[in-house]
Structure formats: C-alpha cells, structure tokens
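Asks: Got a file for you: structure-v4.txt, compact mmCIF, C-alpha atoms.
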# COMPACT_ATOMS: atom_id res chain seq x y z
CA MET A 1 230.14 81.23 -11.74
CA ASN A 2 228.23 83.99 -13.54
CA ARG A 3 224.59 84.87 -12.96
CA ARG A 4 223.28 83.09 -16.07
CA ARG A 5 225.00 79.83 -15.18
CA GLN A 6 223.66 80.08 -11.63
CA ILE A 7 220.11 80.41 -12.93
CA ILE A 8 220.50 77.47 -15.32
CA LEU A 9 222.01 75.29 -12.60
CA ILE A 10 219.28 76.18 -10.11
CA ALA A 11 216.61 75.38 -12.70
CA LEU A 12 218.15 71.96 -13.34
CA LEU A 13 218.52 71.23 -9.64
CA ALA A 14 214.98 72.44 -9.00
CA ALA A 15 213.65 69.95 -11.53
CA MET A 16 215.55 67.17 -9.81
CA VAL A 17 214.44 68.24 -6.33
CA THR A 18 210.81 68.55 -7.42
CA THR A 19 210.93 65.01 -8.74
CA LEU A 20 212.37 63.84 -5.43
CA GLY A 21 209.98 65.97 -3.36
CA GLY A 22 212.71 67.90 -1.52
CA CYS A 23 211.34 71.44 -0.96
CA GLN A 24 213.67 72.08 1.96
CA ILE A 25 216.65 71.02 -0.13
CA PHE A 26 215.59 73.48 -2.82
CA ALA A 27 215.39 76.32 -0.27
CA TRP A 28 218.85 75.38 0.97
CA MET A 29 220.24 75.43 -2.57
CA ILE A 30 218.80 78.90 -3.17
CA ASN A 31 220.53 80.13 -0.01
CA VAL A 32 223.83 78.70 -1.20
CA MET A 33 223.62 79.81 -4.83
CA ILE A 34 222.05 83.29 -4.56
CA PRO A 35 223.34 86.04 -2.24
CA PRO A 36 220.97 87.24 0.50
CA LYS A 37 218.74 90.22 -0.24
CA ALA A 38 219.54 93.49 1.54
CA ILE A 39 216.56 94.95 3.42
CA PRO A 40 216.96 98.67 4.23
CA ALA A 41 215.91 100.12 7.55
CA ALA A 42 212.28 101.22 7.63
CA TYR A 43 213.41 104.19 9.71
CA GLU A 44 216.89 105.36 10.74
CA LEU A 45 217.09 106.66 14.28
CA ALA A 46 218.59 110.12 14.77
CA PRO A 47 222.32 109.74 15.47
CA GLY A 48 223.79 110.60 18.86
CA GLY A 49 222.21 110.59 22.27
CA LYS A 50 220.36 107.82 24.05
CA VAL A 51 217.47 105.81 22.67
CA LEU A 52 214.68 104.74 24.98
CA VAL A 53 212.90 101.48 24.21
CA LEU A 54 209.65 101.79 26.12
CA VAL A 55 207.54 98.62 26.19
CA ASP A 56 204.07 99.41 27.48
CA ASP A 57 200.88 97.50 28.25
CA LEU A 58 198.79 100.42 29.49
CA GLY A 59 195.13 99.62 29.01
CA LYS A 60 195.82 95.92 28.36
CA PRO A 61 198.01 94.82 31.28
CA VAL A 62 199.77 91.53 30.67
CA ARG A 63 199.72 88.78 33.29
CA TYR A 64 203.39 87.96 32.68
CA GLU A 65 205.30 91.16 33.55
CA GLN A 66 208.69 89.74 32.56
CA ILE A 67 207.80 89.99 28.87
CA LYS A 68 208.40 93.75 29.06
CA ARG A 69 211.87 93.30 30.49
CA LEU A 70 212.72 90.56 27.98
CA LEU A 71 211.60 92.65 25.02
CA THR A 72 213.38 95.78 26.22
CA GLU A 73 216.71 94.08 26.86
CA LYS A 74 216.68 92.08 23.64
CA ILE A 75 215.77 95.09 21.46
CA ASN A 76 218.44 97.19 23.20
CA ARG A 77 221.09 94.56 22.52
CA LEU A 78 220.18 94.23 18.84
CA LEU A 79 220.19 98.01 18.33
CA LEU A 80 223.65 98.30 19.89
CA ASP A 81 225.12 95.24 18.17
CA ASN A 82 223.96 96.48 14.77
CA LYS A 83 224.96 100.10 15.44
CA ALA A 84 221.42 101.40 15.02
CA ALA A 85 221.87 103.24 18.33
CA GLU A 86 224.99 104.47 20.11
CA LYS A 87 223.49 104.35 23.61
CA VAL A 88 220.27 102.99 25.08
CA VAL A 89 218.38 103.41 28.34
CA SER A 90 218.66 100.26 30.44
CA TYR A 91 215.59 98.43 31.64
CA GLN A 92 216.84 98.92 35.22
CA ASP A 93 216.65 102.71 34.79
CA ILE A 94 213.11 102.44 33.40
CA PHE A 95 212.09 100.20 36.29
CA ARG A 96 213.54 102.61 38.87
CA LEU A 97 211.61 105.49 37.34
CA THR A 98 208.44 103.40 37.26
CA ALA A 99 208.84 102.50 40.92
CA GLY A 100 209.76 106.04 41.98
CA ARG A 101 207.00 107.95 40.22
CA LYS A 102 203.41 107.25 41.18
CA ASP A 103 202.37 109.34 38.20
CA PHE A 104 204.52 107.34 35.77
CA ASN A 105 201.57 106.28 33.59
CA ARG A 106 200.55 109.93 33.21
CA LEU A 107 203.95 111.25 32.22
CA GLY A 108 203.69 110.50 28.51
CA ILE A 109 206.37 109.05 26.26
CA ALA A 110 208.26 112.30 25.67
CA ASN A 111 208.45 113.18 29.37
CA ILE A 112 209.64 109.67 30.24
CA ALA A 113 212.35 109.96 27.58
CA ARG A 114 213.50 113.32 28.99
CA GLU A 115 213.48 111.98 32.55
CA LEU A 116 215.78 109.16 31.44
CA GLY A 117 218.09 111.34 29.35
CA ALA A 118 216.97 110.00 25.97
CA GLY A 119 216.55 112.05 22.83
CA GLN A 120 214.02 109.73 21.20
CA ALA A 121 211.92 106.73 22.09
CA ILE A 122 210.88 103.54 20.37
CA TYR A 123 207.45 102.98 21.85
CA VAL A 124 206.31 99.36 21.79
CA TYR A 125 202.70 98.86 22.78
CA ILE A 126 201.67 95.29 23.59
CA ASP A 127 198.13 94.83 22.34
CA GLU A 128 198.10 91.02 22.27
CA PHE A 129 199.85 88.61 24.58
CA SER A 130 199.05 85.11 25.75
CA LEU A 131 200.92 81.97 26.71
CA LYS A 132 197.91 79.69 26.37
CA ASP A 133 194.65 79.75 24.45
CA ASN A 134 192.98 78.36 27.56
CA PRO A 135 194.68 78.96 30.95
CA SER A 136 192.94 75.95 32.53
CA ILE A 137 194.67 73.34 30.36
CA SER A 138 198.32 72.31 29.88
CA LEU A 139 198.50 73.17 26.17
CA TRP A 140 200.87 76.11 25.63
CA HIS A 141 200.46 78.34 22.59
CA GLY A 142 202.21 81.71 22.78
CA LYS A 143 201.15 84.84 20.89
CA LEU A 144 202.57 88.34 20.95
CA GLY A 145 201.35 91.32 18.93
CA VAL A 146 202.61 94.90 19.19
CA LEU A 147 202.41 98.36 17.68
CA VAL A 148 205.67 100.29 17.21
CA ARG A 149 206.34 103.99 16.72
CA VAL A 150 209.21 106.44 17.19
CA VAL A 151 208.54 109.53 19.31
CA ASP A 152 210.82 112.53 19.88
CA ILE A 153 211.17 114.51 23.12
CA GLU A 154 208.61 117.01 21.86
CA GLY A 155 206.04 114.24 21.80
CA GLN A 156 205.86 114.10 18.00
CA THR A 157 205.56 110.75 16.25
CA LYS A 158 208.48 110.66 13.81
CA TRP A 159 207.64 107.25 12.37
CA PRO A 160 205.40 105.95 10.89
CA ALA A 161 204.03 109.32 9.79
CA ASP A 162 200.96 107.80 8.10
CA ARG A 163 199.90 105.56 11.03
CA PRO A 164 199.50 107.48 14.30
CA SER A 165 198.84 104.31 16.26
CA GLY A 166 202.07 102.76 15.00
CA HIS A 167 203.48 100.08 12.73
CA ARG A 168 202.29 96.54 13.36
CA PRO A 169 204.94 93.85 12.72
CA GLU A 170 203.76 90.35 12.02
CA ALA A 171 202.77 88.78 15.33
CA ALA A 172 205.10 86.33 17.03
CA GLU A 173 203.63 82.90 17.68
CA THR A 174 204.88 79.61 19.05
CA SER A 175 203.73 76.13 18.13
CA GLN A 176 201.40 74.26 20.47
CA VAL A 177 203.14 72.23 23.17
CA ASP A 178 201.51 70.09 25.84
CA ASP A 179 203.51 70.41 29.06
CA PRO A 180 202.10 70.19 32.60
CA SER A 181 204.89 72.27 34.16
CA PRO A 182 203.77 75.78 35.18
CA ASN A 183 207.34 76.95 34.57
CA TYR A 184 207.12 76.16 30.85
CA GLY A 185 205.57 79.60 30.33
CA ALA A 186 208.96 81.23 30.88
CA LYS A 187 210.35 79.32 27.88
CA ILE A 188 207.39 80.38 25.72
CA ALA A 189 207.78 84.02 26.78
CA THR A 190 211.49 83.96 25.93
CA GLU A 191 210.79 82.53 22.47
CA LEU A 192 208.14 85.19 21.81
CA ALA A 193 210.44 87.97 23.00
CA ASP A 194 213.34 86.72 20.86
CA GLU A 195 211.19 86.61 17.74
CA MET A 196 209.45 89.93 18.28
CA ALA A 197 212.61 91.77 19.36
CA LEU A 198 214.25 90.81 16.08
CA LYS A 199 211.23 91.98 14.07
CA ILE A 200 211.23 95.32 15.89
CA ALA A 201 214.97 95.98 15.95
CA ARG A 202 215.34 95.19 12.25
CA LEU A 203 213.03 98.10 11.46
CA PHE A 204 215.92 100.38 12.38
CA TYR A 205 218.92 98.89 10.62
CA LYS A 206 219.83 97.36 7.29
CA HIS A 207 219.81 93.59 7.36
CA TRP A 208 219.93 90.67 4.96
CA LEU A 209 217.30 88.07 4.24
CA ALA A 210 218.25 84.69 2.80
CA ARG A 211 216.54 83.93 -0.50
CA GLY A 212 215.54 80.50 0.73
CA HIS A 213 213.70 82.14 3.61
CA MET A 214 211.81 84.27 1.10
CA ALA A 215 211.06 81.38 -1.21
CA GLY A 216 209.76 78.95 1.38
CA LYS A 217 208.71 78.53 4.96
CA ASP A 218 211.17 77.87 7.76
Just give me the structure of the file as structure tokens.
Replies:
Amino acid sequence: MNRRRQIILIALLAAMVTTLGGCQIFAWMINVMIPPKAIPAAYELAPGGKVLVLVDDLGKPVRYEQIKRLLTEKINRLLLDNKAAEKVVSYQDIFRLTAGRKDFNRLGIANIARELGAGQAIYVYIDEFSLKDNPSISLWHGKLGVLVRVVDIEGQTKWPADRPSGHRPEAAETSQVDDPSPNYGAKIATELADEMALKIARLFYKHWLARGHMAGKD
C-alpha cells in the first residue's frame, strides 16, 4: 500500500472512529498504518572506554536510597543493550568507592570517574523525589525529577553546552494509589526508576517513537 492510499484509508477510518468515539482505536490504527518515527540521540557518547552513570542527591538527600541504585542499574542496562556504551561502571564499584572514601562528596565528578576507570560520566542529579504527597497518609503518588549532563575526566561539561546545570527530562510520575502497606513504596520507586531510566538512556541512542504515542496519550 502506497503512502497516498494509507493517508486516504486513515482519514476514512478516523471519521468512523470519531463517530464511534474510539480515540484509543485511532491511535492503534496510526501505529499499525504508519511506521514509527526515528528519534536521533541528543548526544552520542565518546566511543571506547567505560561510562560512569553517577546518580547523585547531594544537597537534597532522598529518603529512599535504593532509587539511586535502581536508576544506575537500569540506565547501565539500557546503554549496553542499545550499544550506546561498550562498558559501564557497576553500581557495586560506585558503592565501594563511596564507602571507602570519606571525602567522596568532595571528589567531584571527574575525579570519581578517574577513580573508577571511566573516560566520561553521565551525571544524574535528583532534584525532586517523593513517594507520597503526604507521608502521614496511605495515598501513594510518586514523583521523580532530575537534571542530566555529560562530564569528561577533565571536569568539562560536554553536553548540554548551553545549560551548565544540565538537561531536564520530563519528570516521571505515578498515578495515585491508596495502599496501607509500607512496602508499596518499593513498587512506586521501581516504576519511577523504570520510566526515568528510559528517558535518560534514550538521550544517548537513536530510538523509535510510535506515531500513536505522539498523536495521543498512553
């Protein structure tokens, strides 16, 4: 089917779906009929060597420490799976350095990267994180906001050049859920980390976005 026929067919189906009130069906049809859109990497990491993903909360310490491990491991996996990086520094190595150096928070990103054998670092600063709007009630509502930048071992910000504080992806957020279990926070944190890790990792490799996703809400 050529492009013109696709457009005509979609227009006809759209008219039918609009009459029936099926917005989700229309989004699905767009996905089926039109190829996904290629989204280029916002920044391509320098080839070769190790990449350090350093998730930091300095100045705004989070109450749920595991979010840093979750983010680091998930970003590392996505970078490797999509060949945006050949090698990464494991979270275990970062943790060992943190535990072994009392002056860790004074080392600076470049020095930490050198200590861990990395040639560049993706610095992820957590500037917003919560599992609940009100910690005294059982209503869970997760939020995670970060700033991202790439730093070389000389301490120079390589990306984004026009925003020294870093690039801010759209915040990750979960829907409100009422659950009395104190362990439910782990599920919320995992959902936030999954969503944000994907947003961050995709900055560094070409990916595809379904047209239906662009046309409507998930």
Asks: Between A:Gly119, A:Pro40, A:Gly142, A:Gly100, which one has atoms that come closest to A:Val53, using all atoms listed in the file?
Replies: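 Among the listed residues, A:Gly119 lies closest to A:Val53.
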Asks: Could you check which of A:Ala210, A:Ala189, A:Ala113, A:Leu52 is closest to A:Lys143, using only C-alpha atoms?
Replies: A:Ala189
Asks: Go ahead and compute the interatomic distance for atom CA of A:Asp194 and atom CA of A:Val62, in Å to one decimal.
Replies: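 Result for atom CA of A:Asp194 versus atom CA of A:Val62: 17.4 Å, one decimal.
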Asks: From the set A:Leu139, A:Leu147, A:Ile153, A:Leu45, which residue has the shortest atom-to-atom contact distance to A:Asp178, counting all atoms listed in the file?
Replies: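 Smallest separation from A:Asp178 among the options: A:Leu139.
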Asks: Rank A:Ile137, A:Met196, A:Ile112, A:Val146 by their smallest atom-to-atom distance to A:Ile94, using all atoms listed in the file, and report the top residue only.
Replies: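 Closest to A:Ile94 of all the choices is A:Ile112.
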Asks: Hey, which of A:Ile200, A:Ile188, A:Ile39, A:Ala110 ends up closest to A:Glu154? Count only C-alpha atoms.
Replies: A:Ala110
Asks: I need the residue nearest A:Glu170 from this list: A:Ala41, A:Leu198, A:His207, A:Val150. Use all atoms listed in the file for the distance.
Replies: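 Selected residue with least distance to A:Glu170: A:Leu198.
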Asks: Have a look at atom CA of A:Glu115 and atom CA of A:Gly49 and let me know their distance in Å, one decimal.
Replies: 13.6 Å
Asks: What does the distance from atom CA of A:Leu116 to atom CA of A:Arg96 come to in Å, to one decimal?
Replies: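 Between atom CA of A:Leu116 and atom CA of A:Arg96 the gap is 10.2 Å.
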Asks: Output stretch 50-69 of chain A as a short mmCIF file (atom, residue, chain, number, x, y, z; two decimals), keeping the file's coordinate frame, making sure N, CA and C atoms are there.
Replies:
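What landed in result-v9.cif:
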data_model
loop_
_atom_site.label_atom_id
_atom_site.label_comp_id
_atom_site.auth_asym_id
_atom_site.auth_seq_id
_atom_site.Cartn_x
_atom_site.Cartn_y
_atom_site.Cartn_z
N LYS A 50 220.91 109.10 23.63
CA LYS A 50 220.36 107.82 24.05
C LYS A 50 219.02 107.54 23.38
N VAL A 51 218.76 106.26 23.18
CA VAL A 51 217.47 105.81 22.67
C VAL A 51 216.75 105.06 23.79
N LEU A 52 215.51 105.43 24.00
CA LEU A 52 214.68 104.74 24.98
C LEU A 52 213.79 103.73 24.27
N VAL A 53 213.85 102.49 24.66
CA VAL A 53 212.90 101.48 24.21
C VAL A 53 211.89 101.32 25.33
N LEU A 54 210.68 101.80 25.09
CA LEU A 54 209.65 101.79 26.12
C LEU A 54 208.56 100.79 25.73
N VAL A 55 208.55 99.67 26.43
CA VAL A 55 207.54 98.62 26.19
C VAL A 55 206.40 98.85 27.18
N ASP A 56 205.20 99.00 26.66
CA ASP A 56 204.07 99.41 27.48
C ASP A 56 202.88 98.47 27.28
N ASP A 57 202.11 98.30 28.34
CA ASP A 57 200.88 97.50 28.25
C ASP A 57 199.71 98.27 28.85
N LEU A 58 199.82 99.59 28.88
CA LEU A 58 198.79 100.42 29.49
C LEU A 58 197.45 100.20 28.78
N GLY A 59 196.45 99.89 29.57
CA GLY A 59 195.13 99.62 29.01
C GLY A 59 194.87 98.14 28.78
N LYS A 60 195.94 97.37 28.54
CA LYS A 60 195.82 95.92 28.36
C LYS A 60 196.94 95.24 29.16
N PRO A 61 196.91 95.36 30.48
CA PRO A 61 198.01 94.82 31.28
C PRO A 61 198.21 93.33 31.08
N VAL A 62 199.46 92.94 30.87
CA VAL A 62 199.77 91.53 30.67
C VAL A 62 199.90 90.83 32.02
N ARG A 63 199.64 89.54 32.04
CA ARG A 63 199.72 88.78 33.29
C ARG A 63 201.14 88.29 33.55
N TYR A 64 202.00 88.39 32.54
CA TYR A 64 203.39 87.96 32.68
C TYR A 64 204.27 89.20 32.49
N GLU A 65 204.58 89.88 33.60
CA GLU A 65 205.30 91.16 33.55
C GLU A 65 206.68 91.04 32.92
N GLN A 66 207.31 89.89 33.04
CA GLN A 66 208.69 89.74 32.56
C GLN A 66 208.81 89.94 31.05
N ILE A 67 207.71 89.83 30.32
CA ILE A 67 207.80 89.99 28.87
C ILE A 67 208.28 91.39 28.51
N LYS A 68 207.96 92.38 29.33
CA LYS A 68 208.40 93.75 29.06
C LYS A 68 209.91 93.89 29.24
N ARG A 69 210.42 93.27 30.28
CA ARG A 69 211.87 93.30 30.49
C ARG A 69 212.59 92.54 29.37
#
